[in-house]
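Shown next: work37.txt, containing compact mmCIF, C-alpha atoms.
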```
# COMPACT_ATOMS: atom_id res chain seq x y z
CA MET A 1 87.11 140.31 80.52
CA ASN A 2 90.11 138.51 78.97
CA LEU A 3 93.16 140.80 79.01
CA SER A 4 96.58 140.11 77.52
CA LEU A 5 99.40 141.40 79.74
CA ARG A 6 101.81 141.96 76.85
CA PRO A 7 101.42 145.77 76.84
CA LEU A 8 102.85 145.86 80.38
CA SER A 9 106.30 145.30 78.84
CA LEU A 10 106.00 148.65 77.00
CA PRO A 11 107.34 151.95 78.40
CA PRO A 12 105.24 153.40 81.25
CA ARG A 13 103.59 156.13 79.16
CA HIS A 14 102.97 154.04 76.06
CA PRO A 15 99.28 154.37 75.00
CA GLU A 16 98.73 150.60 74.83
CA ARG A 17 100.12 150.09 78.33
CA ARG A 18 98.02 152.90 79.76
CA ALA A 19 94.93 151.53 77.99
CA LEU A 20 95.48 148.08 79.53
CA LEU A 21 95.85 149.57 83.00
CA ARG A 22 92.56 151.40 82.56
CA GLN A 23 90.94 148.11 81.50
CA ILE A 24 92.28 146.29 84.56
CA ASP A 25 91.10 149.11 86.81
CA ALA A 26 87.62 149.09 85.25
CA ALA A 27 87.31 145.30 85.42
CA LEU A 28 88.19 145.18 89.11
CA LEU A 29 85.86 148.04 90.00
CA THR A 30 82.97 146.63 87.94
CA ASP A 31 83.33 142.84 88.24
CA GLY A 32 86.00 142.37 90.89
CA TRP A 33 88.13 140.06 88.69
CA PHE A 34 89.46 139.57 85.18
CA ARG A 35 91.03 136.84 83.03
CA VAL A 36 94.45 136.59 81.41
CA PRO A 37 95.13 134.21 78.49
CA ILE A 38 97.54 131.27 78.75
CA ASP A 39 99.89 130.44 75.90
CA GLU A 40 100.24 126.91 74.52
CA GLU A 41 103.53 126.21 76.32
CA THR A 42 102.08 127.21 79.69
CA ALA A 43 98.95 125.15 78.96
CA ALA A 44 101.16 122.11 78.37
CA VAL A 45 102.94 122.74 81.70
CA ILE A 46 99.57 122.95 83.45
CA ASP A 47 98.36 119.73 81.86
CA ASN A 48 101.56 117.97 82.94
CA ALA A 49 101.13 119.18 86.52
CA PHE A 50 97.50 118.02 86.53
CA ALA A 51 98.53 114.61 85.20
CA GLU A 52 101.20 114.19 87.87
CA ALA A 53 98.76 115.27 90.59
CA LYS A 54 96.24 112.74 89.31
CA GLN A 55 98.93 110.06 89.49
CA PHE A 56 99.65 110.95 93.12
CA LEU A 57 95.96 110.93 94.04
CA SER A 58 95.59 107.45 92.55
CA ARG A 59 97.92 106.09 95.24
CA PRO A 60 96.41 104.12 98.13
CA GLU A 61 95.06 106.37 100.87
CA ALA A 62 97.69 105.24 103.39
CA GLU A 63 100.47 106.38 101.05
CA ARG A 64 98.83 109.75 100.46
CA LEU A 65 98.30 110.36 104.19
CA ALA A 66 102.05 110.04 104.75
CA TYR A 67 102.29 113.58 103.29
CA THR A 68 99.76 115.43 105.45
CA ARG A 69 101.06 118.62 107.04
CA GLU A 70 101.45 116.99 110.44
CA ARG A 71 103.40 114.03 109.08
CA ALA A 72 105.48 116.27 106.81
CA LEU A 73 106.51 118.51 109.72
CA GLU A 74 107.55 115.44 111.66
CA GLN A 75 109.76 114.43 108.73
CA GLY A 76 111.15 117.94 108.29
CA CYS A 77 109.94 118.35 104.68
CA ALA A 78 106.71 120.37 104.73
CA GLY A 79 107.37 122.14 101.44
CA PHE A 80 105.01 119.58 99.90
CA THR A 81 101.87 118.51 101.75
CA TYR A 82 98.62 116.70 101.02
CA LEU A 83 95.19 117.75 102.32
CA PRO A 84 92.61 114.94 102.01
CA VAL A 85 88.89 115.29 101.31
CA GLY A 86 87.15 116.70 104.37
CA ALA A 87 90.25 118.41 105.79
CA GLU A 88 89.86 121.80 104.04
CA PRO A 89 88.79 124.43 106.63
CA LEU A 90 85.11 125.43 106.45
CA TYR A 91 85.30 129.07 105.38
CA ASP A 92 81.52 129.55 105.50
CA ALA A 93 80.25 127.25 108.24
CA ASP A 94 76.72 128.66 107.95
CA ALA A 95 76.37 127.45 104.36
CA ALA A 96 78.59 124.36 104.24
CA THR A 97 79.01 121.24 106.34
CA THR A 98 81.33 119.33 103.98
CA GLN A 99 83.86 120.27 101.31
CA ARG A 100 84.88 117.71 98.68
CA VAL A 101 88.39 118.62 97.55
CA HIS A 102 91.87 117.07 97.60
CA SER A 103 94.79 119.51 97.68
CA LEU A 104 98.50 119.22 96.99
CA ASN A 105 100.27 122.25 98.47
CA LEU A 106 103.75 123.40 97.43
CA HIS A 107 105.98 126.14 98.86
CA ASP A 108 109.26 127.19 97.26
CA SER A 109 111.99 124.56 97.46
CA LEU A 110 115.09 126.21 99.02
CA SER A 111 118.43 124.87 100.19
CA ALA A 112 119.66 125.42 103.75
CA ASP A 113 122.08 128.10 102.46
CA GLU A 114 119.22 129.91 100.68
CA VAL A 115 117.06 129.83 103.81
CA ASP A 116 119.94 131.15 105.95
CA ALA A 117 120.62 133.95 103.46
CA ARG A 118 116.96 134.93 103.48
CA LEU A 119 116.55 134.63 107.26
CA PRO A 120 119.95 135.32 108.88
CA ASP A 121 118.84 136.10 112.45
CA GLN A 122 116.58 133.17 113.30
CA THR A 123 116.38 131.26 116.53
CA PRO A 124 117.25 127.55 116.14
CA SER A 125 113.57 126.55 116.36
CA ASP A 126 112.50 129.15 113.78
CA ARG A 127 115.31 128.04 111.47
CA ALA A 128 114.22 124.41 111.75
CA LEU A 129 110.63 125.39 110.87
CA ALA A 130 111.74 127.51 107.90
CA LEU A 131 113.95 124.70 106.61
CA SER A 132 111.03 122.29 106.85
CA TYR A 133 108.63 124.58 104.98
CA HIS A 134 111.08 124.87 102.09
CA ALA A 135 112.16 121.22 101.93
CA TRP A 136 110.53 118.83 99.49
CA PRO A 137 110.47 115.04 99.92
CA THR A 138 113.30 113.13 98.28
CA GLU A 139 111.26 110.03 97.41
CA PRO A 140 112.17 109.22 93.76
CA SER A 141 108.58 108.43 92.78
CA LEU A 142 107.58 112.02 93.65
CA ALA A 143 110.28 113.59 91.48
CA PRO A 144 108.09 113.99 88.33
CA LEU A 145 105.29 115.65 90.33
CA LEU A 146 107.65 118.04 92.12
CA ALA A 147 109.44 118.91 88.87
CA ALA A 148 106.11 119.63 87.16
CA ALA A 149 104.99 121.83 90.06
CA ALA A 150 108.30 123.71 90.11
CA GLU A 151 108.03 124.43 86.38
CA LEU A 152 104.45 125.65 86.79
CA ARG A 153 105.38 127.93 89.71
CA SER A 154 108.26 129.40 87.71
CA ARG A 155 106.12 130.10 84.65
CA LEU A 156 103.33 131.69 86.67
CA ARG A 157 105.69 133.98 88.54
CA ASP A 158 107.66 135.10 85.49
CA SER A 159 104.88 135.46 82.92
CA LEU A 160 101.93 136.54 85.09
CA CYS A 161 102.80 137.48 88.68
CA GLU A 162 105.64 139.92 87.96
CA PRO A 163 103.68 141.85 85.29
CA LEU A 164 100.59 141.92 87.53
CA LEU A 165 102.58 143.27 90.48
CA HIS A 166 103.89 146.02 88.19
CA ALA A 167 100.36 146.76 87.00
CA PHE A 168 98.90 147.01 90.51
CA ALA A 169 101.81 149.24 91.57
CA ALA A 170 100.99 151.61 88.70
CA LEU A 171 97.30 151.59 89.59
CA LEU A 172 98.22 152.55 93.15
CA GLY A 173 100.37 155.43 91.89
CA GLY A 174 103.74 153.88 92.74
CA GLU A 175 106.90 153.06 90.84
CA GLU A 176 107.08 149.77 88.94
CA GLU A 177 108.94 147.68 91.54
CA MET A 178 107.01 148.99 94.54
CA LEU A 179 105.13 145.72 95.08
CA ALA A 180 107.31 143.16 93.27
CA ARG A 181 110.39 143.74 95.44
CA ARG A 182 108.29 142.97 98.52
CA CYS A 183 107.56 139.45 97.23
CA ARG A 184 111.08 138.11 96.62
CA GLY A 185 112.26 137.02 100.07
CA GLY A 186 114.66 139.93 100.30
CA ARG A 187 114.21 140.66 104.01
CA SER A 188 112.06 137.80 105.29
CA ASP A 189 110.43 134.58 104.17
CA ASN A 190 107.82 134.44 101.41
CA THR A 191 104.79 132.18 101.75
CA SER A 192 103.43 132.28 98.20
CA LEU A 193 101.80 128.91 97.62
CA LEU A 194 100.77 126.69 94.69
CA ARG A 195 97.82 124.37 95.25
CA LEU A 196 96.91 121.60 92.82
CA LEU A 197 93.27 120.74 93.47
CA GLU A 198 90.97 117.86 92.58
CA TYR A 199 87.23 117.93 93.27
CA PRO A 200 85.88 114.34 93.33
CA PRO A 201 82.23 113.72 92.40
CA LEU A 202 79.50 113.71 95.00
CA GLU A 203 78.60 110.53 96.82
CA GLY A 204 75.07 110.64 98.19
CA ALA A 205 73.16 113.78 99.25
CA SER A 206 74.49 117.15 98.12
CA GLU A 207 72.85 119.38 100.77
CA GLY A 208 75.51 121.36 102.64
CA THR A 209 78.29 120.07 100.41
CA TRP A 210 80.59 122.36 98.44
CA GLY A 211 83.82 121.97 96.59
CA VAL A 212 85.06 124.92 98.66
CA SER A 213 82.74 127.30 100.53
CA ALA A 214 82.70 131.08 100.07
CA HIS A 215 85.80 133.03 101.10
CA THR A 216 88.37 135.61 100.04
CA ASP A 217 92.11 134.96 99.82
CA TYR A 218 94.36 136.92 102.19
CA GLU A 219 97.34 137.34 99.83
CA VAL A 220 97.95 140.17 97.33
CA PHE A 221 96.16 138.33 94.52
CA SER A 222 95.42 134.80 93.35
CA LEU A 223 95.73 133.14 89.95
CA LEU A 224 93.16 130.41 89.39
CA HIS A 225 92.72 127.98 86.49
CA GLN A 226 90.04 125.30 86.10
CA ASP A 227 89.64 122.51 83.56
CA ARG A 228 85.81 122.62 83.75
CA PRO A 229 83.17 125.00 85.15
CA GLY A 230 82.66 125.05 88.91
CA LEU A 231 84.17 128.30 90.16
CA GLN A 232 81.69 130.99 91.22
CA LEU A 233 82.57 134.65 91.82
CA ARG A 234 80.59 137.28 93.71
CA GLY A 235 80.36 140.51 91.77
CA ARG A 236 80.41 144.01 93.17
CA GLY A 237 76.59 143.97 93.10
CA GLY A 238 76.53 141.07 95.56
CA GLY A 239 75.24 138.32 93.25
CA TRP A 240 77.07 135.07 92.45
CA LEU A 241 78.22 134.40 88.89
CA SER A 242 79.54 131.17 87.44
CA ALA A 243 83.00 131.94 86.13
CA PRO A 244 82.99 131.96 82.30
CA HIS A 245 84.52 128.87 80.71
CA SER A 246 85.62 128.54 77.10
CA ALA A 247 87.99 126.54 74.93
CA GLU A 248 90.55 129.34 75.31
CA ARG A 249 92.76 128.59 78.32
CA CYS A 250 93.05 131.35 80.89
CA CYS A 251 93.75 132.24 84.51
CA PHE A 252 91.36 134.23 86.65
CA VAL A 253 92.96 137.06 88.61
CA LEU A 254 91.28 137.58 92.00
CA VAL A 255 92.07 140.44 94.37
CA GLY A 256 93.29 139.34 97.82
CA ASP A 257 92.87 140.89 101.26
CA MET A 258 96.39 142.39 101.18
CA LEU A 259 95.68 144.35 98.00
CA GLU A 260 92.36 145.52 99.42
CA ARG A 261 94.18 146.87 102.47
CA LEU A 262 96.96 148.44 100.39
CA SER A 263 94.39 150.32 98.30
CA ALA A 264 92.25 151.36 101.29
CA GLY A 265 89.39 149.35 99.84
CA TYR A 266 89.60 150.81 96.33
CA PHE A 267 90.20 147.25 95.10
CA ALA A 268 88.01 144.88 97.11
CA ALA A 269 88.99 141.25 97.74
CA THR A 270 87.04 138.89 95.47
CA PRO A 271 84.66 136.48 97.26
CA HIS A 272 84.57 133.12 95.51
CA ARG A 273 83.44 129.53 96.04
CA VAL A 274 83.48 126.22 94.18
CA LEU A 275 80.47 124.05 93.39
CA PRO A 276 80.70 120.32 94.17
CA THR A 277 81.37 118.02 91.22
CA PRO A 278 78.06 116.29 90.34
CA ALA A 279 77.76 112.57 90.95
CA GLY A 280 78.71 110.45 87.96
CA GLN A 281 81.10 113.01 86.47
CA ARG A 282 84.88 112.71 86.41
CA ALA A 283 86.84 114.63 89.01
CA ARG A 284 87.33 118.31 88.26
CA ARG A 285 90.84 119.79 88.39
CA SER A 286 92.08 123.25 89.20
CA PHE A 287 95.08 125.10 90.52
CA VAL A 288 95.47 128.31 92.47
CA TYR A 289 98.66 130.28 92.99
CA PHE A 290 98.60 132.70 95.91
CA GLN A 291 100.95 135.66 95.41
CA ALA A 292 101.93 136.83 98.88
CA PHE A 293 104.18 139.51 100.29
CA ASP A 294 107.22 138.49 102.31
CA GLU A 295 106.18 137.69 105.86
CA GLU A 296 107.75 140.73 107.56
CA GLU A 297 106.47 143.28 105.03
CA PRO A 298 104.00 145.76 106.57
CA VAL A 299 100.65 145.92 104.79
CA SER A 300 99.32 149.42 105.27
CA ALA A 301 97.33 151.82 103.11
CA THR A 302 98.76 154.90 104.82
CA THR A 303 100.97 156.06 101.96
CA LEU A 304 99.59 154.12 99.01
CA ALA A 305 95.96 155.12 99.43
CA GLY A 306 96.85 158.80 99.13
CA ALA A 307 98.86 158.14 95.99
CA ARG A 308 96.20 156.02 94.32
CA ARG A 309 95.25 157.04 90.82
CA THR A 310 93.96 155.54 87.59
CA PRO A 311 96.42 155.94 84.65
```
Transcribe the structure of this file into structure tokens.
Amino acid sequence: MNLSLRPLSLPPRHPERRALLRQIDAALLTDGWFRVPIDEETAAVIDNAFAEAKQFLSRPEAERLAYTRERALEQGCAGFTYLPVGAEPLYDADAATTQRVHSLNLHDSLSADEVDARLPDQTPSDRALALSYHAWPTEPSLAPLLAAAAELRSRLRDSLCEPLLHAFAALLGGEEEMLARRCRGGRSDNTSLLRLLEYPPLEGASEGTWGVSAHTDYEVFSLLHQDRPGLQLRGRGGGWLSAPHSAERCCFVLVGDMLERLSAGYFAATPHRVLPTPAGQRARRSFVYFQAFDEEEPVSATTLAGARRTP
């Protein structure tokens, strides 16, 4: 189901807004996911980010490996890291032996003053780690990639994440800001993450090889966009479905483990996996944005589950 979020800007009791909330509720209970359309400006931002990621991945391997998480932590700038093919954790070790995916991972870029304001009572070692996770490399050749990623993160948060947090709050019976204010680094750090992904084609036998094996995401929800088919979603009936793909650009909205817990299981986290790119085809590109709560926010269904309702 492809659902425009525009009615969420209407007053809480407006019929169009209430109708959209009912559609979101029904989609998540029936399918476990839904799609939201992407406007032309956002599509252009996505394409630019993909192009810059492709440029980075065309670098010699030794240059790319300088940005692995381990190396980045050593340099004190782990806000941008690279995960090479074969390094993605095996989420379903019974079904997969290899996963063919590159990943560029980006946390928020924050100054030292912004980190200190967000986390005022840190130990020196915790402060150093927080500074590292919010510092991006200063290498000039990376500037276009980091700028493209920052613009994409900003657009996703403003145009999709904020309205979705308001929608899920309403579906749980809470006031509009109930979830959104817990995702802004107000009392602790926020680990929301953008990943720019490339799935290179298979080389040799495909048995046991996946793009990414089956898993759920632990955050509140995930936004996922793909340039070609490959994503598979497990429906509420237990079967796997290839995610619909059309000329109309969209993001898939997948429920995360945090939202499942908040709703006492009313909304179940969406299992998903990615097929390997067939041999002989060009690399497939995707991004996922994980919308997380701030780190110190409790995730409990005690009060929200009792309040849950469908508008």
Which residues, written as a list in words, have at least one atom at most 9 Å from Met1 in chain A, with all atoms listed in the file counted and residues fewer than 4 positions away on the same chain left out? Gln23, Ile24, Ala27, Asp31, Trp33, Phe34, Arg35 and Val36 of chain A
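Among the candidates A:Glu198, A:Asp121, A:Asp217, A:Asp126, the residue lying nearest to Gly230 in chain A is A:Glu198 (atoms considered: all atoms listed in the file).
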Excluding Phe267 in chain A and residues on its chain fewer than 3 positions from it, collect all residues at most 8 Å away from it, counting all atoms listed in the file, and give them as a list in words.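 Neighbouring residues, sequence-local ones excluded: Leu28, Leu29, Gly32, Val255, Leu259, Glu260, Ser263 and Ala264 of chain A.
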For Glu151 in chain A, work out the shell of residues within 9 Å, counting all atoms listed in the file and skipping chain neighbours fewer than 4 positions away, then give it as a PyMOL selection string. chain A and resi 45+49+146-147+155-156
Dump C-alpha atoms for the selected residues as a PDB file, keeping the file's coordinate frame?
```
ATOM      1  CA  VAL A  45     102.940 122.740  81.700  1.00  0.00           C
ATOM      2  CA  ALA A  49     101.130 119.180  86.520  1.00  0.00           C
ATOM      3  CA  LEU A 146     107.650 118.040  92.120  1.00  0.00           C
ATOM      4  CA  ALA A 147     109.440 118.910  88.870  1.00  0.00           C
ATOM      5  CA  ARG A 155     106.120 130.100  84.650  1.00  0.00           C
ATOM      6  CA  LEU A 156     103.330 131.690  86.670  1.00  0.00           C
TER       7      LEU A 156
END
```
Within 8 Å of (89.2, 116.4, 85.8) (file coordinates; all atoms listed in the file), which protein or nucleic acid residues are there? I'd like them as a PyMOL selection string. chain A and resi 198-199+227-228+282-285
The residue from A:Gln226, A:Ser242, A:Asn190, A:Ser213 with the smallest atom-to-atom distance to Gln291 in chain A, counting all atoms listed in the file, is A:Asn190
Using only C-alpha atoms, find each residue in range 189-298 of chain A having at least one atom no more than 7 Å away from range 166-182 of chain A; report its shortest atom-to-atom pair and that distance in Å (one decimal), rows by chain then rising number, as a Markdown table.
```
| residue | atom | partner | partner_atom | distance |
| --- | --- | --- | --- | --- |
| A:Ser263 | CA | A:Leu172 | CA | 6.8 |
| A:Phe293 | CA | A:Arg182 | CA | 5.7 |
| A:Asp294 | CA | A:Arg182 | CA | 6.0 |
| A:Glu297 | CA | A:Arg182 | CA | 6.8 |
```
Neighbour list for range 59-69 of chain A as a list in words, cut-off 10 Å, all atoms listed in the file, skip fewer than 5 positions in-chain: Lys54, Glu74, Gln75, Cys77, Ala78, Gly79, Phe80, Thr81, Tyr82, Leu83, Pro84, Ala87, Leu104, Asn105, Tyr133 and Pro137 of chain A
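Distances here use all atoms listed in the file; by that measure, the residue among A:Asp189, A:Glu203, A:Glu295, A:Asp47 closest to Ala279 in chain A is A:Glu203.
Interatomic distance, CA of Gly208 in chain A to CA of Leu90 in chain A: 11.1 Å.
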To one decimal place, how far is CA of Ser103 in chain A from CA of Thr277 in chain A in Å?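 We find that CA of Ser103 in chain A and CA of Thr277 in chain A lie 15.0 Å from each other.
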Tell me which of A:Ser111, A:Ser222, A:Thr42, A:Ser9 sits closest to Met258 in chain A, counting all atoms listed in the file.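 Nearest to Met258 in chain A: A:Ser222.
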Work out how far apart CA of Leu21 in chain A and CA of Ala269 in chain A are and give it in Å to one decimal.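 Value for the CA of Leu21 in chain A-CA of Ala269 in chain A distance: 18.3 Å.
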Of the listed residues A:Leu160, A:Leu152, A:Val274, A:Cys183, that which approaches Asp92 in chain A most closely, counting all atoms listed in the file: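 Counting all atoms listed in the file, the residue closest to Asp92 in chain A is A:Val274.
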Return the single residue from A:Leu275, A:His107, A:Leu197, A:Ala112 that is closest to Leu131 in chain A, with distances computed using all atoms listed in the file.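 For Leu131 in chain A, the nearest of the candidates is A:Ala112.
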Using all atoms listed in the file and a cutoff of 9 Å, can you tell me which residues are near (84.5, 132.3, 99.6) in the file's coordinates, and write them out as a ChimeraX atom specification? /A:91-92,212-217,232-234,270-274
